[in-house]
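The structure appears right after this line, and notes come after that.
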Amino acid sequence: MSTLFDVQTRASVIARVQRFQPDSPRLWGRMTSHQAVCHLSDAFKMALNERRAAPVHNAFAPVIRFIALRLPLPWPRGRIKTVPEAEQGVGGTPPAEFARDRAELIALIERFGAARPDQLCGTHPIFGPMRSEHWGRWGYRHADHHLRQFDL
């Protein structure tokens with residue numbers, strides 16, 4: 001299973017992020033490519049305990065986590081609502097300057113990939129309690145999902 005804790009996988013994801021352009025057309029969803037960059041940055045900041053998100057209380061969180069992180073199925077397109085703290089136009093960081101925002105995302109991916117387990121948040125707002133291995137897989141799956149959204 002791909003994980004951002006693997007150096008080669010992380011380099012591959014970063015190469016894809018570098019191909020983001022302000023006018024990259026989306027294949028689905030509402031976000032522009034610039035908004036997707038900011039959304040991913042917000043999500044990595046949450047994983048690194050640098051941005052807070054209120055938990056979504058769901059008794060099925062362990063099942064959802066298992067399906068999202070373990071099964072080789074693509075994530076649903078535009079059917080799972082993100083937390084307000086990372087949602088563009090709600091509580092997510094608004095886009096500013098594209099090159100700077102993209103560079104920040106790349107730096108966050110690098111820091112996330114090199115993070116020690118104690119530097120990662122203990123809980124994902126939707127998936128519930130997370131171990132380091134969960135976070136590595138989540139980081140890859142989440143970035144891959146949005147990169148595919150823009151055919152990257």
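Residue numbers start at 1 in each chain; chains themselves are named A, B, ... in the order of the structure tokens; ligands are numbered from 1 in the order shown.
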Selection near A:Ser33, 12 Å with only C-alpha atoms, sequence-local residues under 2 positions removed, as a ChimeraX atom specification: /A:17-31,35-40,88,95,98-99,101-102,146-152
Residue neighbourhood stretch 115-121 of chain A, 10 Å, only C-alpha atoms, exclusion window fewer than 3 positions, as a VMD selection string: chain A and resid 5 44 to 52 109 to 112 124 to 125 129 to 133 135 to 136
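If only C-alpha atoms are the atoms counted, then among A:His142, A:Arg10, A:Arg16, A:His134 the closest residue to A:Pro76 is A:His142.
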Looking only at the backbone, which of the residues in chain A does DSSP tag as strand (DSSP E or B), as an MDAnalysis selection string? chainID A and resid 123:124 128:129
Based on DSSP run over this structure's backbone, return all residues of stretch 12-108 of chain A in alpha helix (DSSP H), as a ChimeraX atom specification. /A:12-18,33-47,61-70,98-108
With only C-alpha atoms as the counted atoms, please give the residues lying no more than 12 Å from A:Pro55, apart from itself and same-chain residues fewer than 5 positions off, as an mmCIF file with C-alpha atoms, in the first residue's frame.
data_model
loop_
_atom_site.group_PDB
_atom_site.id
_atom_site.type_symbol
_atom_site.label_atom_id
_atom_site.label_comp_id
_atom_site.auth_asym_id
_atom_site.auth_seq_id
_atom_site.Cartn_x
_atom_site.Cartn_y
_atom_site.Cartn_z
ATOM 1 C CA MET A 46 -4.417 19.145 10.700
ATOM 2 C CA ALA A 61 -15.472 5.734 12.001
ATOM 3 C CA THR A 82 -15.074 17.557 4.179
ATOM 4 C CA VAL A 83 -14.791 19.159 7.598
ATOM 5 C CA PRO A 84 -15.598 22.902 7.625
ATOM 6 C CA GLU A 85 -12.061 23.784 8.775
ATOM 7 C CA GLY A 122 -3.925 11.183 17.284
ATOM 8 C CA THR A 123 -7.341 11.544 15.679
ATOM 9 C CA HIS A 124 -8.688 12.274 12.226
ATOM 10 C CA PRO A 125 -11.937 14.277 12.369
ATOM 11 C CA ILE A 126 -13.809 11.704 10.222
ATOM 12 C CA PHE A 127 -11.778 8.480 10.573
ATOM 13 C CA GLY A 128 -11.323 8.677 14.343
ATOM 14 C CA PRO A 129 -8.188 7.427 16.133
#
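With only C-alpha atoms as the atoms that count, the minimum distance from A:Trp138 to the choices A:Gly78, A:Val63, A:Ser2, A:Leu105 is reached by A:Ser2.
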Min atom-atom distance to A:Thr3 from the set A:Leu108, A:Leu69, A:Ala15, A:Ile64, counting only C-alpha atoms, belongs to A:Leu69
Compare A:Ala143, A:Ile67, A:Val56, A:Ala107 by their minimum atom-to-atom distance to A:Lys81, counting only C-alpha atoms, and give me the closest one. A:Val56
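Nearest-residue note for A:Ala11: choosing from A:Asp42, A:Tyr140, A:Arg70, A:Thr32, the minimum distance belongs to A:Tyr140, counting only C-alpha atoms.
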